[in-house]
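These notes concern the structure reproduced below.
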Number of protein chains: 4
Amino acid sequence: TRARLGCVRVAMAKSKFEYVRDFEPDDTCLPNCWVVVRLDGRNFHRFAEQHGFKKPNDDRALQLMNRCAQTVMQELKDIAIAYGQSDEYSFIFKKRSNWFKRRSSKFMTHVVSQFASSYVFYWKDYFEDQPLLYPPGFDGRVVLYPSDQNLKDYLSWRQADCHINNLYNTVFWSLVQRSGLTPVQAQTRLQGTLAGEKNEILFSEFNINYNNEPLMYRKGTVLVWQKVNKVIKKKIKIPEETEEKEVEVTRIKMTAVPLHCDIIGDQFWDQYPEILAEDS
Amino acid sequence: TRARLGCVRVAMAKSKFEYVRDFEPDDTCLPNCWVVVRLDGRNFHRFAEQHGFKKPNDDRALQLMNRCAQTVMQELKDIAIAYGQSDEYSFIFKKRSNWFKRRSSKFMTHVVSQFASSYVFYWKDYFEDQPLLYPPGFDGRVVLYPSDQNLKDYLSWRQADCHINNLYNTVFWSLVQRSGLTPVQAQTRLQGTLAGEKNEILFSEFNINYNNEPLMYRKGTVLVWQKVNKVIKKKIKIPEETEEKEVEVTRIKMTAVPLHCDIIGDQFWDQYPEILAEDS
Amino acid sequence: TRARLGCVRVAMAKSKFEYVRDFEPDDTCLPNCWVVVRLDGRNFHRFAEQHGFKKPNDDRALQLMNRCAQTVMQELKDIAIAYGQSDEYSFIFKKRSNWFKRRSSKFMTHVVSQFASSYVFYWKDYFEDQPLLYPPGFDGRVVLYPSDQNLKDYLSWRQADCHINNLYNTVFWSLVQRSGLTPVQAQTRLQGTLAGEKNEILFSEFNINYNNEPLMYRKGTVLVWQKVNKVIKKKIKIPEETEEKEVEVTRIKMTAVPLHCDIIGDQFWDQYPEILAEDS
Amino acid sequence: TRARLGCVRVAMAKSKFEYVRDFEPDDTCLPNCWVVVRLDGRNFHRFAEQHGFKKPNDDRALQLMNRCAQTVMQELKDIAIAYGQSDEYSFIFKKRSNWFKRRSSKFMTHVVSQFASSYVFYWKDYFEDQPLLYPPGFDGRVVLYPSDQNLKDYLSWRQADCHINNLYNTVFWSLVQRSGLTPVQAQTRLQGTLAGEKNEILFSEFNINYNNEPLMYRKGTVLVWQKVNKVIKKKIKIPEETEEKEVEVTRIKMTAVPLHCDIIGDQFWDQYPEILAEDS
């Protein structure tokens with residue numbers, strides 16, 4: 001709306017107040033570290049309640065999260081990989097990224113604001129019959145990881161968290177929805193149980209083999225860059241014809257593609273060596 | 001979507017990876033300072049172009065910004081005052097705020113994400129005929145100001161910036177839209193001109209008295225807390241009647257009210273002493 | 001030893017490694033805040049033991065500390081006041097100081113290194129018969145205080161700490177040295193006692209009126225700037241005489257003067273308004 | 001001097017002022033990074049002048065620096081290697097060090113204060129005929145390096161700096177001391193000269209082969225941990241004798257040993273793999 005660059009400012013008015021700029025902190029991230037921005041939905045327990053999210057997993061909500069994360073990856077620079085589960089998403093900026101001079105505040109505010117606006121923008125594509133009642137909030141943070149192993153351990157931490165929560169929630173909501181327990185009763189029933197015991201409850205009482213549950217629920221979503229063929233329409237001029245003609249052309253485009261696989265073991269990293277590659 | 005609190009986690013799985021939490025920085029803001037979060041639209045020059053913003057000022061865009069800022073003030077805690085102009089908004093958290101333990105990342109990400117989601121959510125209320133083409137981004141930063149004078153100088157700096165830009169833009173776009181100059185010609189014409197000369201061009205060539213331009217354009221928007229009467233509907237039980245009856249009740253509610261006034265001089269601060277009050 | 005400024009460096013050698021400079025953090029202190037550097041002796045319990053410090057207070061050790069602190073105030077820039085007790089000292093840099101661009105690391109390392117080298121340098125002036133066995137270490141930290149009240153409360157905190165420790169130690173060592181209790185017995189005896197009870201033990205058992213104990217022990221030492229007449233020798237040329245003659249001249253010099261007074265109440269600050277003065 | 005641990009503090013006096021502790025920043029260093037503390041002499045140009053340092057290199061001054069650095073390595077924890085030249089020294093704390101919870105202020109103030117007190121303490125061992133005129137100051141800073149390569153490049157940067165400065169200074173002082181040029185003339189003569197030209201001046205005009213200059217001047221000093229045999233005296237009880245007898249025993253002790261070798265190439269790192277070893 002304004003021509004900031006073209007603006008010839010009145011020097012006197014500036015000199016008096018502009019000292020306040022010196023109070024801005026330098027929040028440059030240490031170079032040669034992975035920059036992780038993780039965001040979380042604000043009060044999403046209540047948000048899920050009010051918007052009728054299916055429990056323990058709502059496909060629409062999870063896919064909307066993935067859609068927003070894809071938008072963040074495409075719109076922002078230098079994101080190597082992203083991982084999401086439940087109402088959280090982590091974005092990993094490349095070690096060598098110099099986007100906005102590696103300012104921590106730039107990384108986190110660009111990520112959360114793009115994610116938040118996308119959440120409202122794409123809502124109707126996933127929640128057709130459920131209007132959005134109010135604009136949701138997200139919080140974010142920046143964490144630096146010096147080594148590749150630290151980064152892999154960070155992602156493993158989030159995926160292990162996904163597994164632990166999803167197993168618990170799957171049993172919890174089975175007990176509530178199908179056995180008629182109150183939430184408090186279900187909680188008491190599960191207190192102190194190990195993973196094996198929870199699997200056993202699922203199998204013996206609800207005939208659920210946890211390992212057959214959808215991968216997206218059990219593993220969360222990894223977004224990786226892949227070459228994808230895109231068919232686009234293009235107008236071309238045919239020699240000796242007067243009018244342009246519209247033709248379909250296939251272009252290869254780098255796209256943030258969702259996967260629902262294990263990222264704790266080595267296999268994933270062996271398969272996608274470019275994510276950690278030095279020159280990435 | 002998940003019952004995080006009720007979750008009994010598997011200790012072993014956690015212990016191996018959870019060391020990565022120690023890499024999170026402590027970004028607590030120094031106590032007893034005003035905490036300013038300023039956000040800016042990302043690439044809003046292009047965004048304004050693509051959404052047909054009127055130049056030099058688009059009332060719909062400015063009012064949408066104000067609406068989002070009001071939402072931020074109502075939804076978040078401890079904001080004493082906010083000031084916006086063009087595609088930027090500043091939110092001032094109270095000196096004594098201990099919201100999220102004064103973590104800098106919490107302040108800035110909650111502000112920008114709530115603002116961004118509100119921008120999309122309320123878009124259609126202001127841009128009825130203009131669909132939103134893509135979800136916009138915003139960046140944010142946190143700056144601390146130790147003294148009340150520093151804070152007042154910060155806000156003066158932003159309002160002086162508003163004045164300087166708006167005066168420039170008002171002349172610039174008059175030259176382009178009404179005198180038919182190209183942008184480059186207009187820029188050249190204005191290069192090096194003082195405020196008085198710009199006022200003179202406006203008056204002599206376009207019969208515009210700059211001081212009669214709308215206050216919102218010249219001063220930006222201040223949001224302050226005021227008691228506002230709200231009429232709400234309430235169901236009450238009348239004695240000796242079986243059914244509840246709906247009645248209108250007036251409630252006084254603290255509301256973020258937009259003003260378009262000078263905040264550089266003392267008058268504003270004399271009129272609203274509660275903004276800077278120690279116990280605020 | 002080297003002519004750094006005159007040095008023409010080999011461009012190629014620099015370019016390859018010099019990127020490591022970008023890893024240096026910007027640790028600028030927030031402007032308009034009091035900058036406090038507090039240092040503490042490292043393992044001074046053991047140091048005092050090995051150098052035969054008198055307990056609970058050793059005048060030589062306290063005066064050496066004061067001497068070092070004076071050196072710090074004279075050698076460094078912009079220190080408004082200093083306060084010391086036991087093996088700790090706090091130095092307060094002026095709000096408006098721009099010494100070394102307000103870099104936190106510069107403030108603290110200059111203070112502790114100057115203090116530490118002075119400690120060894122002046123040792124023999126205070127410990128004539130006691131050789132220094134090894135070079136001692138000190139740790140330091142920087143804390144910012146936005147308001148004058150915060151700063152006064154900081155200094156009050158340290159002086160209250162001095163009082164509490166000195167009262168305790170005075171009773172403790174009386175019980176050990178004069179009543180023959182073991183340290184453990186003395187500690188047990190004092191556990192849970194209030195200030196009044198400690199005063200009572202001192203008075204009834206040792207005939208000590210605590211309020212008559214030396215002020216330096218009870219209040220610590222404040223260093224403030226005062227004009228002091230210094231008699232210096234100067235060689236002057238007398239007209240019509242061939243040789244210079246040495247005369248004594250009195251010069252007024254700002255000097256860091258030790259006081260042992262209360263700094264918690266208002267009186268001190270009323271008496272020395274220049275310490276907190278805006279233009280200080 | 002005080003029994004801090006045994007002290008039962010008066011609760012009321014504390015509660016009022018102790019809030020000021022919350023203003024202390026958390027300056028924890030990012031885990032899994034090399035922590036470099038570099039110190040520099042303050043105004044050492046003047047200090048060298050006043051203490052008659054030989055130019056361009058004074059063996060006494062360099063060896064005193066090395067002695068202080070050894071003291072720092074022995075007294076502090078977790079230093080893997082140190083490198084010094086001229087009036088600067090760098091100390092590298094291990095990646096995994098958790099000394100004082102990795103607080104940046106602790107690292108730097110302990111290093112500079114121990115170095116500064118050692119400088120005065122050991123002065124007379126190196127400057128027998130030259131009394132120390134005043135206690136010197138040092139400044140320090142902390143820089144983090146995430147990868148081993150970054151650390152090696154940091155050390156290479158300092159050694160390259162040593163080379164460049166020493167070559168320059170060797171020629172500069174030859175021109176001044178032996179050819180009788182003024183400092184300004186010498187500087188002018190050297191302006192823009194490459195390394196080869198400086199070598200040529202040394203050889204043709206002063207018959208100096210720069211490569212035969214002492215290694216300590218050209219390469220600086222590396223301190224590495226090595227097992228060294230120490231002969232200590234010990235009193236032992238001989239069976240069937242009544243008195244203890246003093247015998248000499250050889251003990252292996254880890255010692256910070258000075259080397260003057262190239263650390264830019266791979267050879268040094270191949271020879272001392274334990275410095276960078278993961279579990280170091």
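Letters A, B, ... go to the chains of the structure tokens in the order shown; residues in each chain start at 1; ligands are counted from 1 in the same order.
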
Could you pull out the alpha helix (DSSP H) residues of segment 3-223 of chain D from DSSP and send them as an NGL selection string? :D and (11-17 or 44-50 or 59-75 or 104-126 or 148-177 or 183-190 or 195-206 or 215-219)

Any idea what's packed within 12 Å of Gln63 of chain A, counting only C-alpha atoms, ignoring anything in its chain fewer than 3 positions away? Could you give it as a PDB file with N, CA and C atoms, in the first residue's frame?
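Writing done, so here's result_1.pdb:
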ATOM      1  N   ASN A  57      -8.728 -39.848  16.338  1.00  0.00           N
ATOM      2  CA  ASN A  57      -8.111 -39.172  15.195  1.00  0.00           C
ATOM      3  C   ASN A  57      -9.176 -38.676  14.240  1.00  0.00           C
ATOM      4  N   ASP A  58      -9.010 -37.450  13.781  1.00  0.00           N
ATOM      5  CA  ASP A  58      -9.941 -36.902  12.792  1.00  0.00           C
ATOM      6  C   ASP A  58      -9.170 -36.689  11.498  1.00  0.00           C
ATOM      7  N   ASP A  59      -9.546 -37.489  10.484  1.00  0.00           N
ATOM      8  CA  ASP A  59      -8.801 -37.421   9.222  1.00  0.00           C
ATOM      9  C   ASP A  59      -8.799 -36.031   8.619  1.00  0.00           C
ATOM     10  N   ARG A  60      -9.948 -35.363   8.708  1.00  0.00           N
ATOM     11  CA  ARG A  60     -10.035 -34.016   8.115  1.00  0.00           C
ATOM     12  C   ARG A  60      -9.031 -33.074   8.780  1.00  0.00           C
ATOM     13  N   ASN A  66      -1.655 -31.165   7.349  1.00  0.00           N
ATOM     14  CA  ASN A  66      -0.662 -31.477   6.319  1.00  0.00           C
ATOM     15  C   ASN A  66      -0.698 -30.462   5.164  1.00  0.00           C
ATOM     16  N   ARG A  67      -1.910 -30.057   4.812  1.00  0.00           N
ATOM     17  CA  ARG A  67      -2.057 -29.076   3.727  1.00  0.00           C
ATOM     18  C   ARG A  67      -1.385 -27.755   4.096  1.00  0.00           C
ATOM     19  N   CYS A  68      -1.579 -27.332   5.337  1.00  0.00           N
ATOM     20  CA  CYS A  68      -0.962 -26.081   5.801  1.00  0.00           C
ATOM     21  C   CYS A  68       0.559 -26.207   5.808  1.00  0.00           C
ATOM     22  N   ALA A  69       1.029 -27.360   6.260  1.00  0.00           N
ATOM     23  CA  ALA A  69       2.471 -27.572   6.324  1.00  0.00           C
ATOM     24  C   ALA A  69       3.075 -27.566   4.923  1.00  0.00           C
ATOM     25  N   GLN A  70       2.364 -28.154   3.955  1.00  0.00           N
ATOM     26  CA  GLN A  70       2.840 -28.098   2.569  1.00  0.00           C
ATOM     27  C   GLN A  70       2.937 -26.659   2.084  1.00  0.00           C
ATOM     28  N   GLY A  84       4.769 -33.840  11.210  1.00  0.00           N
ATOM     29  CA  GLY A  84       3.622 -33.429  12.007  1.00  0.00           C
ATOM     30  C   GLY A  84       2.841 -34.594  12.579  1.00  0.00           C
ATOM     31  N   GLN A  85       2.179 -34.322  13.685  1.00  0.00           N
ATOM     32  CA  GLN A  85       1.292 -35.299  14.328  1.00  0.00           C
ATOM     33  C   GLN A  85       0.362 -34.496  15.222  1.00  0.00           C
ATOM     34  N   SER A  86      -0.874 -35.018  15.368  1.00  0.00           N
ATOM     35  CA  SER A  86      -1.836 -34.348  16.230  1.00  0.00           C
ATOM     36  C   SER A  86      -1.937 -32.864  15.857  1.00  0.00           C
ATOM     37  N   ASP A  87      -1.796 -31.959  16.798  1.00  0.00           N
ATOM     38  CA  ASP A  87      -1.924 -30.529  16.472  1.00  0.00           C
ATOM     39  C   ASP A  87      -0.575 -29.824  16.459  1.00  0.00           C
ATOM     40  N   TYR A 119      -4.533 -22.384   7.597  1.00  0.00           N
ATOM     41  CA  TYR A 119      -5.505 -23.224   8.315  1.00  0.00           C
ATOM     42  C   TYR A 119      -6.933 -22.726   8.069  1.00  0.00           C
ATOM     43  N   TYR A 122      -7.779 -22.987   4.005  1.00  0.00           N
ATOM     44  CA  TYR A 122      -8.088 -24.314   3.452  1.00  0.00           C
ATOM     45  C   TYR A 122      -9.103 -25.093   4.268  1.00  0.00           C
ATOM     46  N   TRP A 123      -9.567 -24.519   5.344  1.00  0.00           N
ATOM     47  CA  TRP A 123     -10.502 -25.215   6.233  1.00  0.00           C
ATOM     48  C   TRP A 123     -11.663 -25.861   5.463  1.00  0.00           C
ATOM     49  N   LYS A 124     -12.321 -25.069   4.627  1.00  0.00           N
ATOM     50  CA  LYS A 124     -13.533 -25.529   3.947  1.00  0.00           C
ATOM     51  C   LYS A 124     -13.263 -26.682   2.978  1.00  0.00           C
ATOM     52  N   ASP A 125     -12.007 -26.833   2.547  1.00  0.00           N
ATOM     53  CA  ASP A 125     -11.675 -27.960   1.664  1.00  0.00           C
ATOM     54  C   ASP A 125     -11.716 -29.284   2.415  1.00  0.00           C
ATOM     55  N   TYR A 126     -11.614 -29.235   3.734  1.00  0.00           N
ATOM     56  CA  TYR A 126     -11.575 -30.481   4.507  1.00  0.00           C
ATOM     57  C   TYR A 126     -12.781 -30.630   5.424  1.00  0.00           C
ATOM     58  N   PHE A 127     -13.309 -29.521   5.903  1.00  0.00           N
ATOM     59  CA  PHE A 127     -14.476 -29.550   6.783  1.00  0.00           C
ATOM     60  C   PHE A 127     -15.673 -28.958   6.054  1.00  0.00           C
ATOM     61  N   MET A 216      -0.946 -43.117   9.126  1.00  0.00           N
ATOM     62  CA  MET A 216      -0.922 -41.688   9.458  1.00  0.00           C
ATOM     63  C   MET A 216      -1.176 -41.474  10.946  1.00  0.00           C
ATOM     64  N   TYR A 217      -2.026 -42.322  11.523  1.00  0.00           N
ATOM     65  CA  TYR A 217      -2.284 -42.175  12.954  1.00  0.00           C
ATOM     66  C   TYR A 217      -1.081 -42.620  13.783  1.00  0.00           C
ATOM     67  N   GLY A 220       2.386 -40.468  12.170  1.00  0.00           N
ATOM     68  CA  GLY A 220       2.372 -39.057  11.809  1.00  0.00           C
ATOM     69  C   GLY A 220       2.696 -38.869  10.339  1.00  0.00           C
ATOM     70  N   THR A 221       3.029 -37.644   9.967  1.00  0.00           N
ATOM     71  CA  THR A 221       3.265 -37.328   8.554  1.00  0.00           C
ATOM     72  C   THR A 221       4.622 -36.657   8.371  1.00  0.00           C
ATOM     73  N   PRO A 258       3.631 -35.924   1.245  1.00  0.00           N
ATOM     74  CA  PRO A 258       3.432 -36.546   2.558  1.00  0.00           C
ATOM     75  C   PRO A 258       3.727 -38.045   2.550  1.00  0.00           C
ATOM     76  N   LEU A 259       4.481 -38.481   3.560  1.00  0.00           N
ATOM     77  CA  LEU A 259       4.743 -39.905   3.776  1.00  0.00           C
ATOM     78  C   LEU A 259       4.308 -40.249   5.201  1.00  0.00           C
TER      79      LEU A 259
END

Show me, as a list in words, every residue of chain B with an atom at most 10 Å from chain C, counting only C-alpha atoms. Leu30, Pro31, Asn32, Cys33, Val143, Leu144, Tyr145, Pro146, Ser147 and Asn150 of chain B

Write the residues you've just listed into a file as a CSV table (one decimal), in the first residue's frame, and include N, CA, C and O atoms for each of them.
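Result file is again-v4.csv:
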chain,number,residue,atom,x,y,z
B,30,LEU,N,13.4,-9.8,29.8
B,30,LEU,CA,13.8,-9.1,31.0
B,30,LEU,C,12.5,-8.6,31.7
B,30,LEU,O,11.7,-7.9,31.1
B,31,PRO,N,12.4,-8.8,33.0
B,31,PRO,CA,11.2,-8.3,33.7
B,31,PRO,C,11.2,-6.8,33.7
B,31,PRO,O,12.2,-6.1,33.5
B,32,ASN,N,10.0,-6.2,34.1
B,32,ASN,CA,9.9,-4.8,34.3
B,32,ASN,C,10.2,-4.0,33.0
B,32,ASN,O,10.6,-2.8,33.1
B,33,CYS,N,10.0,-4.6,31.9
B,33,CYS,CA,10.1,-3.8,30.6
B,33,CYS,C,8.8,-4.0,29.8
B,33,CYS,O,8.2,-5.0,29.9
B,143,VAL,N,10.6,-6.4,20.9
B,143,VAL,CA,11.5,-5.4,21.3
B,143,VAL,C,11.1,-5.0,22.7
B,143,VAL,O,9.9,-4.9,23.0
B,144,LEU,N,12.1,-4.9,23.6
B,144,LEU,CA,11.8,-4.5,25.0
B,144,LEU,C,12.1,-3.0,25.2
B,144,LEU,O,13.1,-2.5,24.7
B,145,TYR,N,11.3,-2.3,26.0
B,145,TYR,CA,11.5,-0.9,26.3
B,145,TYR,C,11.5,-0.8,27.8
B,145,TYR,O,10.4,-1.0,28.5
B,146,PRO,N,12.6,-0.4,28.5
B,146,PRO,CA,12.7,-0.3,29.9
B,146,PRO,C,11.8,0.8,30.5
B,146,PRO,O,11.2,0.6,31.6
B,147,SER,N,11.7,2.0,29.9
B,147,SER,CA,11.0,3.1,30.5
B,147,SER,C,9.8,3.5,29.8
B,147,SER,O,9.6,3.2,28.6
B,150,ASN,N,10.7,5.6,26.8
B,150,ASN,CA,11.1,4.8,25.6
B,150,ASN,C,9.9,4.2,24.9
B,150,ASN,O,9.9,4.2,23.7

Give me the residues near Asp27 of chain A as a PyMOL selection string, where near means some atom within 8 Å (using only C-alpha atoms) and where sequence neighbours in that chain fewer than 2 positions away do not count.
chain A and resi 25+29+103-105

Expected file contents, prior selection, C-alpha atoms, as a tab-separated table (two decimals), in the first residue's frame:
chain	number	residue	atom	x	y	z
A	25	PRO	CA	17.81	-7.56	19.79
A	29	CYS	CA	20.78	-18.34	14.94
A	103	ARG	CA	17.03	-14.40	12.44
A	104	SER	CA	15.20	-16.61	14.88
A	105	SER	CA	12.14	-14.34	15.05

With a cut-off of 10 Å, could you pull out the residues of segment 85-188 of chain C touching segment 200-205 of chain C and give me the nearest pair of atoms for each, distance in Å to one decimal, using only C-alpha atoms, ordered by chain and ascending number, as JSON lines?
{"residue": "C:Leu167", "atom": "CA", "partner": "C:Leu202", "partner_atom": "CA", "distance": 9.4}
{"residue": "C:Thr170", "atom": "CA", "partner": "C:Leu202", "partner_atom": "CA", "distance": 8.1}
{"residue": "C:Val171", "atom": "CA", "partner": "C:Leu202", "partner_atom": "CA", "distance": 6.1}
{"residue": "C:Phe172", "atom": "CA", "partner": "C:Leu202", "partner_atom": "CA", "distance": 9.6}
{"residue": "C:Ser174", "atom": "CA", "partner": "C:Leu202", "partner_atom": "CA", "distance": 7.8}
{"residue": "C:Leu175", "atom": "CA", "partner": "C:Glu205", "partner_atom": "CA", "distance": 9.0}
{"residue": "C:Arg178", "atom": "CA", "partner": "C:Glu205", "partner_atom": "CA", "distance": 9.6}
{"residue": "C:Ser179", "atom": "CA", "partner": "C:Glu205", "partner_atom": "CA", "distance": 8.8}

Okay, now the selection with N, CA, C and O atoms, as a PDB file, in the first residue's frame?
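Below is the file that was written, again23.pdb:
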ATOM      1  N   LEU C 167      25.680 -11.569  60.876  1.00  0.00           N
ATOM      2  CA  LEU C 167      25.115 -11.858  62.201  1.00  0.00           C
ATOM      3  C   LEU C 167      25.279 -13.340  62.512  1.00  0.00           C
ATOM      4  O   LEU C 167      25.752 -13.734  63.593  1.00  0.00           O
ATOM      5  N   THR C 170      28.981 -14.174  63.087  1.00  0.00           N
ATOM      6  CA  THR C 170      29.497 -13.626  64.337  1.00  0.00           C
ATOM      7  C   THR C 170      29.123 -14.551  65.514  1.00  0.00           C
ATOM      8  O   THR C 170      29.970 -14.863  66.366  1.00  0.00           O
ATOM      9  N   VAL C 171      27.882 -14.988  65.558  1.00  0.00           N
ATOM     10  CA  VAL C 171      27.470 -15.900  66.626  1.00  0.00           C
ATOM     11  C   VAL C 171      28.149 -17.259  66.463  1.00  0.00           C
ATOM     12  O   VAL C 171      28.698 -17.821  67.420  1.00  0.00           O
ATOM     13  N   PHE C 172      28.103 -17.756  65.247  1.00  0.00           N
ATOM     14  CA  PHE C 172      28.672 -19.083  64.969  1.00  0.00           C
ATOM     15  C   PHE C 172      30.117 -19.177  65.456  1.00  0.00           C
ATOM     16  O   PHE C 172      30.497 -20.094  66.182  1.00  0.00           O
ATOM     17  N   SER C 174      31.722 -17.171  67.518  1.00  0.00           N
ATOM     18  CA  SER C 174      31.830 -16.982  68.964  1.00  0.00           C
ATOM     19  C   SER C 174      31.607 -18.309  69.681  1.00  0.00           C
ATOM     20  O   SER C 174      32.341 -18.671  70.606  1.00  0.00           O
ATOM     21  N   LEU C 175      30.587 -19.028  69.237  1.00  0.00           N
ATOM     22  CA  LEU C 175      30.295 -20.327  69.845  1.00  0.00           C
ATOM     23  C   LEU C 175      31.465 -21.289  69.651  1.00  0.00           C
ATOM     24  O   LEU C 175      31.834 -22.043  70.554  1.00  0.00           O
ATOM     25  N   ARG C 178      34.959 -19.291  71.278  1.00  0.00           N
ATOM     26  CA  ARG C 178      34.977 -18.913  72.689  1.00  0.00           C
ATOM     27  C   ARG C 178      34.241 -19.899  73.598  1.00  0.00           C
ATOM     28  O   ARG C 178      34.591 -20.048  74.769  1.00  0.00           O
ATOM     29  N   SER C 179      33.231 -20.589  73.058  1.00  0.00           N
ATOM     30  CA  SER C 179      32.545 -21.577  73.899  1.00  0.00           C
ATOM     31  C   SER C 179      33.012 -22.998  73.624  1.00  0.00           C
ATOM     32  O   SER C 179      32.551 -23.948  74.253  1.00  0.00           O
TER      33      SER C 179
END

- Message: I want to know what sits within 8 Å of Gly140 of chain C, based on only C-alpha atoms, with residues of the same chain fewer than 5 positions away left out; could you give that as number ranges by chain?
- Response: C: 37-40, 108-109, 112; D: 105-106, 109-110

Would you mind exporting C-alpha atoms of the selected residues as a PDB file, in the first residue's frame?
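Writing the result to result-v8.pdb gives the following:
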ATOM      1  CA  VAL C  37      28.478  -7.038  37.132  1.00  0.00           C
ATOM      2  CA  ARG C  38      28.781  -9.156  40.249  1.00  0.00           C
ATOM      3  CA  LEU C  39      31.880 -11.225  40.943  1.00  0.00           C
ATOM      4  CA  ASP C  40      32.466 -13.927  43.541  1.00  0.00           C
ATOM      5  CA  MET C 108      32.128  -8.881  32.821  1.00  0.00           C
ATOM      6  CA  THR C 109      35.534  -9.991  31.588  1.00  0.00           C
ATOM      7  CA  VAL C 112      36.844  -9.830  36.733  1.00  0.00           C
TER       8      VAL C 112
ATOM      9  CA  SER D 105      29.411 -16.204  31.808  1.00  0.00           C
ATOM     10  CA  LYS D 106      31.004 -18.880  33.988  1.00  0.00           C
ATOM     11  CA  THR D 109      34.924 -15.129  33.694  1.00  0.00           C
ATOM     12  CA  HIS D 110      36.684 -18.144  35.170  1.00  0.00           C
TER      13      HIS D 110
END
